[in-house]
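Since the structure comes first, as structure tokens, the remarks are kept for the end.
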Amino acid sequence: MKDLRFVLLLNRAALEAWHLRCLDHLNGLATLAGVILQGGGPGSYASFDSHLMRLYAQAMGNKETVTNPERLATVPRFQWNESRAIGGETLDFVLKLGRGTIPTEMVQIARYGIWCFQHELEQDALPFFRETYNGEDVTRATLLRFSGASASVLEEGYFCTDKLSYVRNRDRALQALAQWPARVCTRLRALSDESDVKPIRGMDPAARSEYRPRFLRFCTRLAARRFRFALNRIFRHQQWNIGVMRTPVSRLLCANGMSDAPIDWFPLNHRRGFLADPFGIMRAGTTHILCEYFGYREGAGRICALEFSENGFVKQPERAITLPVHVSYPFLIEEAGQIYCVAETSDAGEVALFQAVEFPRKWTKLAVLLEGFRGVDPTVFRHDERWWLLCTERGPYVDASLWAWHAPRLLGPWTPHLRNPIKTDVRSARPGGAPFVHGGMLYRPAQDCSQTYGGRIVIHRVNRLTPSDFEEEAVTAIEPSPDSPFPQGRHTLTPLGDVVLIDGHRTVFSWSALRLFLEICTRQFARNFRPTGQSSG
């Protein structure tokens, strides 16, 4: 392990709470050698509207600042023109926190350059406000490195914009990127045989058009979005269904998704619940499918089994795996003559492995692969003589952050990937079905949740997957067809011989779904207004 030393480059304004979290995450990974003070401040707010929005964000967000943190009281302090006195070979990086430009004289004082967050180099009065104001689907954040005359991206994330609340949008992004300097340090400490940490790519900041926010317009937009959101939650409920595309997955790659490919949908003729997440195994010309059945009245999913043949679906769903918690995404594995299922049981705080006793309707819990991790859509497969487990985590980044583990055997032991989470991108992180090999290359289906949950499936070619590295690129997208009976989303794709299992959704009104929504709202209201000190049970 390398011993890393760094200094902070601060302007004279107060540190924010998320800056202090950056330092908390760095504890034990890097030693703070000093603080370099730089002139400047939080920027000017040129218009009356900008003043109003700043006050609004501070009032609604409880944006904590600390003028003189105790943890920095004993750290040596320097003026920026004295910074070379603490540089040289023993200084690994400079972490710039707070708004302001980077003095060119300081760029080469540390071995790995100056690290800073892109949004703090920009002139916007409020970080990540533009995305909520304009109603953009994605909020982008980056951690940059400046070294010599070059700049590169060390970490990058794409989050789903909260169009209903600027404060939630800002805080969700800041909470995530506060961990990024520590994440880079973890990689640096592990790379004992390399002289540098590999950046994601050269700096390529997204173009940001000029805009002049108006406070009244902002409030009007927010109110309209919240009204539409409330109406949709009350009167429009997602109903998923599974189907079979009679085409090999290779044609999807070659024909740019074939959004018009015919799909044999399961005859779902009621509004009491839905089917989703199909995975299957073919036996004697019959496709045995496991999928989630979610009943609106029960408010939880279970795994059911059904069959598909040349004549279509030949059996109604039968219970296969039922647990006291919500269970979904029944990922199937065949290994050494046995059939296993890794189902999502995130409410139990684990990733569990089930073994078929009588496939496909009788199962027993065999092992826990990941304990204490609320894995969502766990996807397990072999690649380069290793087992791999990819999933997201239940929480605010369930659609945005992809985590990975590897193991020599299916039962483990499972080792976390060095770059975890290996990807932060709401457009392509969350697993969306079974990875497959075509033309000697590994492909991974993923969900694009930037506009809505399960909006479409994006298939990626995995160019590199090792215990310390991960690289993939989008190849094609599976879009829902407007002529389909389920025209509003796709989020699971499983290649199976000459067919592809898939799902899709439509919106319907369901009294059972409305009752479930109102029960959830009531429980949330009770939690939010529980008297201080009252136990939650």
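Labeling convention for the structure tokens: chains A, B, ... as they appear, residues from 1 per chain, ligands from 1 in order of appearance.
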Any idea what's packed within 12 Å of Ala513 of chain A, counting only C-alpha atoms, ignoring anything in its chain fewer than 3 positions away? Could you give it as a PDB file with C-alpha atoms, in the first residue's frame?
```pdb
ATOM      1  CA  ARG A 233     -49.214   8.541  -9.472  1.00  0.00           C
ATOM      2  CA  ILE A 234     -52.936   8.522  -8.693  1.00  0.00           C
ATOM      3  CA  PHE A 235     -54.425   7.651 -12.073  1.00  0.00           C
ATOM      4  CA  ARG A 236     -51.647   6.014 -14.137  1.00  0.00           C
ATOM      5  CA  HIS A 237     -49.999   2.848 -12.821  1.00  0.00           C
ATOM      6  CA  GLN A 238     -47.248   0.841 -14.484  1.00  0.00           C
ATOM      7  CA  GLN A 239     -48.287  -2.660 -15.560  1.00  0.00           C
ATOM      8  CA  ARG A 271     -55.262  -5.309 -13.622  1.00  0.00           C
ATOM      9  CA  ARG A 272     -54.567  -6.989 -10.280  1.00  0.00           C
ATOM     10  CA  GLY A 273     -50.810  -7.162 -10.871  1.00  0.00           C
ATOM     11  CA  PHE A 274     -48.108  -7.731 -13.473  1.00  0.00           C
ATOM     12  CA  PHE A 294     -46.214  -8.526  -8.447  1.00  0.00           C
ATOM     13  CA  GLY A 295     -49.694  -8.287  -6.954  1.00  0.00           C
ATOM     14  CA  TYR A 296     -50.832  -4.740  -6.276  1.00  0.00           C
ATOM     15  CA  ARG A 297     -52.899  -5.846  -3.294  1.00  0.00           C
ATOM     16  CA  GLU A 298     -50.028  -7.782  -1.696  1.00  0.00           C
ATOM     17  CA  GLY A 299     -47.527  -5.002  -2.411  1.00  0.00           C
ATOM     18  CA  ALA A 300     -44.649  -7.455  -2.919  1.00  0.00           C
ATOM     19  CA  THR A 507     -49.959   2.499 -17.857  1.00  0.00           C
ATOM     20  CA  VAL A 508     -53.410   1.553 -16.605  1.00  0.00           C
ATOM     21  CA  PHE A 509     -55.695   2.600 -13.799  1.00  0.00           C
ATOM     22  CA  SER A 510     -56.002   0.009 -11.062  1.00  0.00           C
ATOM     23  CA  LEU A 516     -51.147   0.400  -2.445  1.00  0.00           C
ATOM     24  CA  PHE A 517     -49.927   3.892  -3.331  1.00  0.00           C
ATOM     25  CA  LEU A 518     -52.100   5.504  -0.649  1.00  0.00           C
ATOM     26  CA  GLU A 519     -50.880   2.980   1.960  1.00  0.00           C
ATOM     27  CA  ILE A 520     -47.267   3.793   1.115  1.00  0.00           C
TER      28      ILE A 520
END
```
request  = Write out as a ChimeraX atom specification each polymer residue whose atoms come within 10 Å of Phe308 of chain A, counting only C-alpha atoms; drop sequence neighbours fewer than 3 positions from it.
outcome  = /A:243-244,264,266,280,282,285-289,311-315
Go ahead and save the picked residues with C-alpha atoms, as a PDB file, in the first residue's frame.
```pdb
ATOM      1  CA  GLY A 243     -43.040 -11.635 -23.930  1.00  0.00           C
ATOM      2  CA  VAL A 244     -40.954 -13.680 -26.350  1.00  0.00           C
ATOM      3  CA  ASP A 264     -45.611 -12.852 -28.311  1.00  0.00           C
ATOM      4  CA  PHE A 266     -48.338 -13.293 -22.239  1.00  0.00           C
ATOM      5  CA  GLY A 280     -35.506 -19.078 -18.879  1.00  0.00           C
ATOM      6  CA  MET A 282     -34.987 -24.490 -22.776  1.00  0.00           C
ATOM      7  CA  GLY A 285     -38.490 -27.554 -27.348  1.00  0.00           C
ATOM      8  CA  THR A 286     -40.216 -25.916 -24.392  1.00  0.00           C
ATOM      9  CA  THR A 287     -38.973 -22.736 -22.765  1.00  0.00           C
ATOM     10  CA  HIS A 288     -39.350 -22.830 -18.992  1.00  0.00           C
ATOM     11  CA  ILE A 289     -39.574 -19.246 -17.734  1.00  0.00           C
ATOM     12  CA  ASN A 311     -47.820 -22.377 -29.951  1.00  0.00           C
ATOM     13  CA  GLY A 312     -47.223 -19.607 -27.430  1.00  0.00           C
ATOM     14  CA  PHE A 313     -47.675 -19.581 -23.673  1.00  0.00           C
ATOM     15  CA  VAL A 314     -49.127 -22.941 -22.668  1.00  0.00           C
ATOM     16  CA  LYS A 315     -49.443 -22.616 -18.885  1.00  0.00           C
TER      17      LYS A 315
END
```
Practice item. Write out as a PyMOL selection string each polymer residue whose atoms come within 7 Å of Gly504 of chain A, counting only C-alpha atoms; drop sequence neighbours fewer than 3 positions from it. Key: chain A and resi 240-242+486-491
_Using only C-alpha atoms, which protein or nucleic acid residues come within 9 Å of Tyr166 of chain A? Drop anything in the same chain fewer than 4 positions from it, and give the result as a PyMOL selection string._
chain A and resi 57+61+128-129+131-133+161-162+170-171
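Note that atom CA of Arg394 of chain A and atom CA of Val376 of chain A are 6.1 Å apart.
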Surrounding residues of segment 444-460 of chain A excluding itself and chain neighbours under 2 positions, 8 Å, only C-alpha atoms, as a ChimeraX atom specification
/A:137-138,159-161,399,426-436,442,462,472-480,488-493
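With atom CA of Pro103 of chain A on one side and atom CA of Gly34 of chain A on the other, the separation reads 17.1 Å.
Among the candidates A:Glu120, A:Glu136, A:Asp277, A:Glu385, the residue lying nearest to Thr494 of chain A is A:Asp277 (atoms considered: only C-alpha atoms).
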Query raised in the report: Which residues come within 7 Å of Tyr293 of chain A, counting only C-alpha atoms, excluding same-chain residues fewer than 5 positions away, as a list of chain:residue names?
Result: A:Phe274, A:Leu275, A:Ala276, A:Gly301, A:Arg302, A:Ile303, A:Cys304
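For the pair atom CA of Thr322 of chain A and atom CA of Glu358 of chain A, the interatomic distance is 15.0 Å.
Taking only C-alpha atoms into account, Val75 of chain A lies nearest to A:Val35 out of the set A:Val35, A:Thr142, A:Arg527, A:Ala348.
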Find the residues around Ala367 of chain A up to 12 Å (only C-alpha atoms counted), leave out those fewer than 2 positions away in its own chain, and share them as a compact mmCIF listing (two decimals) with C-alpha atoms, in the first residue's frame.
```
# COMPACT_ATOMS: atom_id res chain seq x y z
CA TYR A 340 -29.44 -22.20 -9.63
CA CYS A 341 -31.29 -18.93 -9.26
CA VAL A 342 -29.91 -15.64 -7.94
CA ALA A 343 -33.03 -13.66 -7.13
CA GLU A 350 -28.40 -9.85 1.04
CA VAL A 351 -27.81 -11.49 -2.33
CA ALA A 352 -28.92 -15.11 -2.01
CA LEU A 353 -28.42 -18.21 -4.15
CA PHE A 354 -31.24 -20.74 -4.59
CA GLN A 355 -30.91 -24.28 -5.96
CA THR A 364 -34.24 -24.25 -1.65
CA LYS A 365 -31.98 -21.50 -0.40
CA LEU A 369 -23.30 -14.70 -1.82
CA LEU A 370 -23.22 -11.14 -0.45
CA GLU A 371 -24.25 -10.46 3.13
CA LEU A 410 -19.98 -19.75 -7.74
CA LEU A 411 -20.14 -20.14 -3.96
CA GLY A 412 -17.26 -17.70 -3.50
CA PRO A 413 -15.45 -16.23 -1.76
```
Can you pull out every residue from segment 220-406 of chain A that DSSP, working from the backbone, puts in strand (DSSP E or B), and format the result as a PyMOL selection string? chain A and resi 237-245+263-265+273-283+286-295+300-309+312-313+318-321+328-335+338-345+350-358+362-371+375-383+386-393+401-406
Selection above as a file: C-alpha atoms, as a compact mmCIF listing (two decimals), in the first residue's frame:
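So again_17.txt came out as:
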```
# COMPACT_ATOMS: atom_id res chain seq x y z
CA HIS A 237 -50.00 2.85 -12.82
CA GLN A 238 -47.25 0.84 -14.48
CA GLN A 239 -48.29 -2.66 -15.56
CA TRP A 240 -45.45 -4.81 -16.84
CA ASN A 241 -45.77 -7.98 -18.90
CA ILE A 242 -43.36 -10.54 -20.32
CA GLY A 243 -43.04 -11.63 -23.93
CA VAL A 244 -40.95 -13.68 -26.35
CA MET A 245 -39.27 -12.25 -29.45
CA ILE A 263 -43.31 -10.10 -29.60
CA ASP A 264 -45.61 -12.85 -28.31
CA TRP A 265 -46.94 -11.29 -25.13
CA GLY A 273 -50.81 -7.16 -10.87
CA PHE A 274 -48.11 -7.73 -13.47
CA LEU A 275 -45.32 -9.99 -14.73
CA ALA A 276 -41.71 -8.84 -15.24
CA ASP A 277 -38.03 -9.92 -15.29
CA PRO A 278 -38.19 -13.07 -17.46
CA PHE A 279 -35.33 -15.60 -17.40
CA GLY A 280 -35.51 -19.08 -18.88
CA ILE A 281 -34.02 -22.46 -19.71
CA MET A 282 -34.99 -24.49 -22.78
CA ARG A 283 -35.83 -28.20 -22.45
CA THR A 286 -40.22 -25.92 -24.39
CA THR A 287 -38.97 -22.74 -22.77
CA HIS A 288 -39.35 -22.83 -18.99
CA ILE A 289 -39.57 -19.25 -17.73
CA LEU A 290 -39.12 -17.84 -14.26
CA CYS A 291 -40.33 -14.27 -13.72
CA GLU A 292 -41.62 -11.92 -11.07
CA TYR A 293 -45.31 -11.70 -10.33
CA PHE A 294 -46.21 -8.53 -8.45
CA GLY A 295 -49.69 -8.29 -6.95
CA ALA A 300 -44.65 -7.45 -2.92
CA GLY A 301 -43.27 -9.68 -5.64
CA ARG A 302 -42.81 -13.43 -5.80
CA ILE A 303 -41.24 -15.71 -8.39
CA CYS A 304 -43.50 -17.75 -10.63
CA ALA A 305 -42.92 -20.34 -13.36
CA LEU A 306 -44.63 -20.73 -16.74
CA GLU A 307 -43.94 -22.34 -20.11
CA PHE A 308 -43.68 -21.19 -23.71
CA SER A 309 -43.66 -23.37 -26.85
CA GLY A 312 -47.22 -19.61 -27.43
CA PHE A 313 -47.67 -19.58 -23.67
CA GLU A 318 -47.39 -21.16 -10.90
CA ARG A 319 -45.64 -20.27 -7.63
CA ALA A 320 -41.94 -21.08 -7.56
CA ILE A 321 -40.18 -18.94 -4.91
CA SER A 328 -37.80 -10.45 -8.14
CA TYR A 329 -35.28 -10.75 -11.01
CA PRO A 330 -34.83 -14.58 -10.91
CA PHE A 331 -31.49 -14.82 -12.72
CA LEU A 332 -30.93 -18.47 -13.80
CA ILE A 333 -27.59 -20.32 -13.89
CA GLU A 334 -26.75 -23.83 -15.12
CA GLU A 335 -23.55 -25.22 -13.64
CA GLN A 338 -27.43 -28.18 -11.44
CA ILE A 339 -29.77 -25.23 -11.88
CA TYR A 340 -29.44 -22.20 -9.63
CA CYS A 341 -31.29 -18.93 -9.26
CA VAL A 342 -29.91 -15.64 -7.94
CA ALA A 343 -33.03 -13.66 -7.13
CA GLU A 344 -33.22 -10.11 -5.88
CA THR A 345 -33.92 -10.06 -2.13
CA GLU A 350 -28.40 -9.85 1.04
CA VAL A 351 -27.81 -11.49 -2.33
CA ALA A 352 -28.92 -15.11 -2.01
CA LEU A 353 -28.42 -18.21 -4.15
CA PHE A 354 -31.24 -20.74 -4.59
CA GLN A 355 -30.91 -24.28 -5.96
CA ALA A 356 -33.60 -26.13 -7.89
CA VAL A 357 -34.97 -29.19 -6.11
CA GLU A 358 -37.62 -29.84 -8.77
CA LYS A 362 -39.43 -26.12 -6.15
CA TRP A 363 -36.34 -24.37 -4.78
CA THR A 364 -34.24 -24.25 -1.65
CA LYS A 365 -31.98 -21.50 -0.40
CA LEU A 366 -28.41 -22.74 -0.77
CA ALA A 367 -26.14 -19.85 0.24
CA VAL A 368 -25.75 -16.11 0.73
CA LEU A 369 -23.30 -14.70 -1.82
CA LEU A 370 -23.22 -11.14 -0.45
CA GLU A 371 -24.25 -10.46 3.13
CA GLY A 375 -28.16 -5.83 -4.11
CA VAL A 376 -30.69 -5.00 -6.82
CA ASP A 377 -31.00 -7.02 -10.05
CA PRO A 378 -28.01 -9.29 -9.24
CA THR A 379 -26.51 -10.73 -12.44
CA VAL A 380 -24.05 -13.64 -12.18
CA PHE A 381 -22.00 -15.08 -15.07
CA ARG A 382 -18.62 -16.57 -16.01
CA HIS A 383 -16.03 -14.53 -17.90
CA ARG A 386 -13.94 -16.11 -13.14
CA TRP A 387 -17.41 -15.76 -11.79
CA TRP A 388 -18.73 -12.21 -11.83
CA LEU A 389 -21.61 -10.63 -9.92
CA LEU A 390 -22.96 -7.26 -11.07
CA CYS A 391 -25.78 -5.35 -9.39
CA THR A 392 -26.84 -1.96 -8.10
CA GLU A 393 -27.65 -1.12 -4.48
CA SER A 401 -24.28 3.03 -9.60
CA LEU A 402 -23.09 -0.38 -10.81
CA TRP A 403 -21.17 -2.61 -8.36
CA ALA A 404 -19.10 -5.70 -9.17
CA TRP A 405 -17.59 -8.70 -7.37
CA HIS A 406 -15.58 -11.66 -8.66
```
For Phe48 of chain A, the closest of A:Ala284, A:Arg212, A:Ile502, A:Pro267 counting only C-alpha atoms is A:Arg212
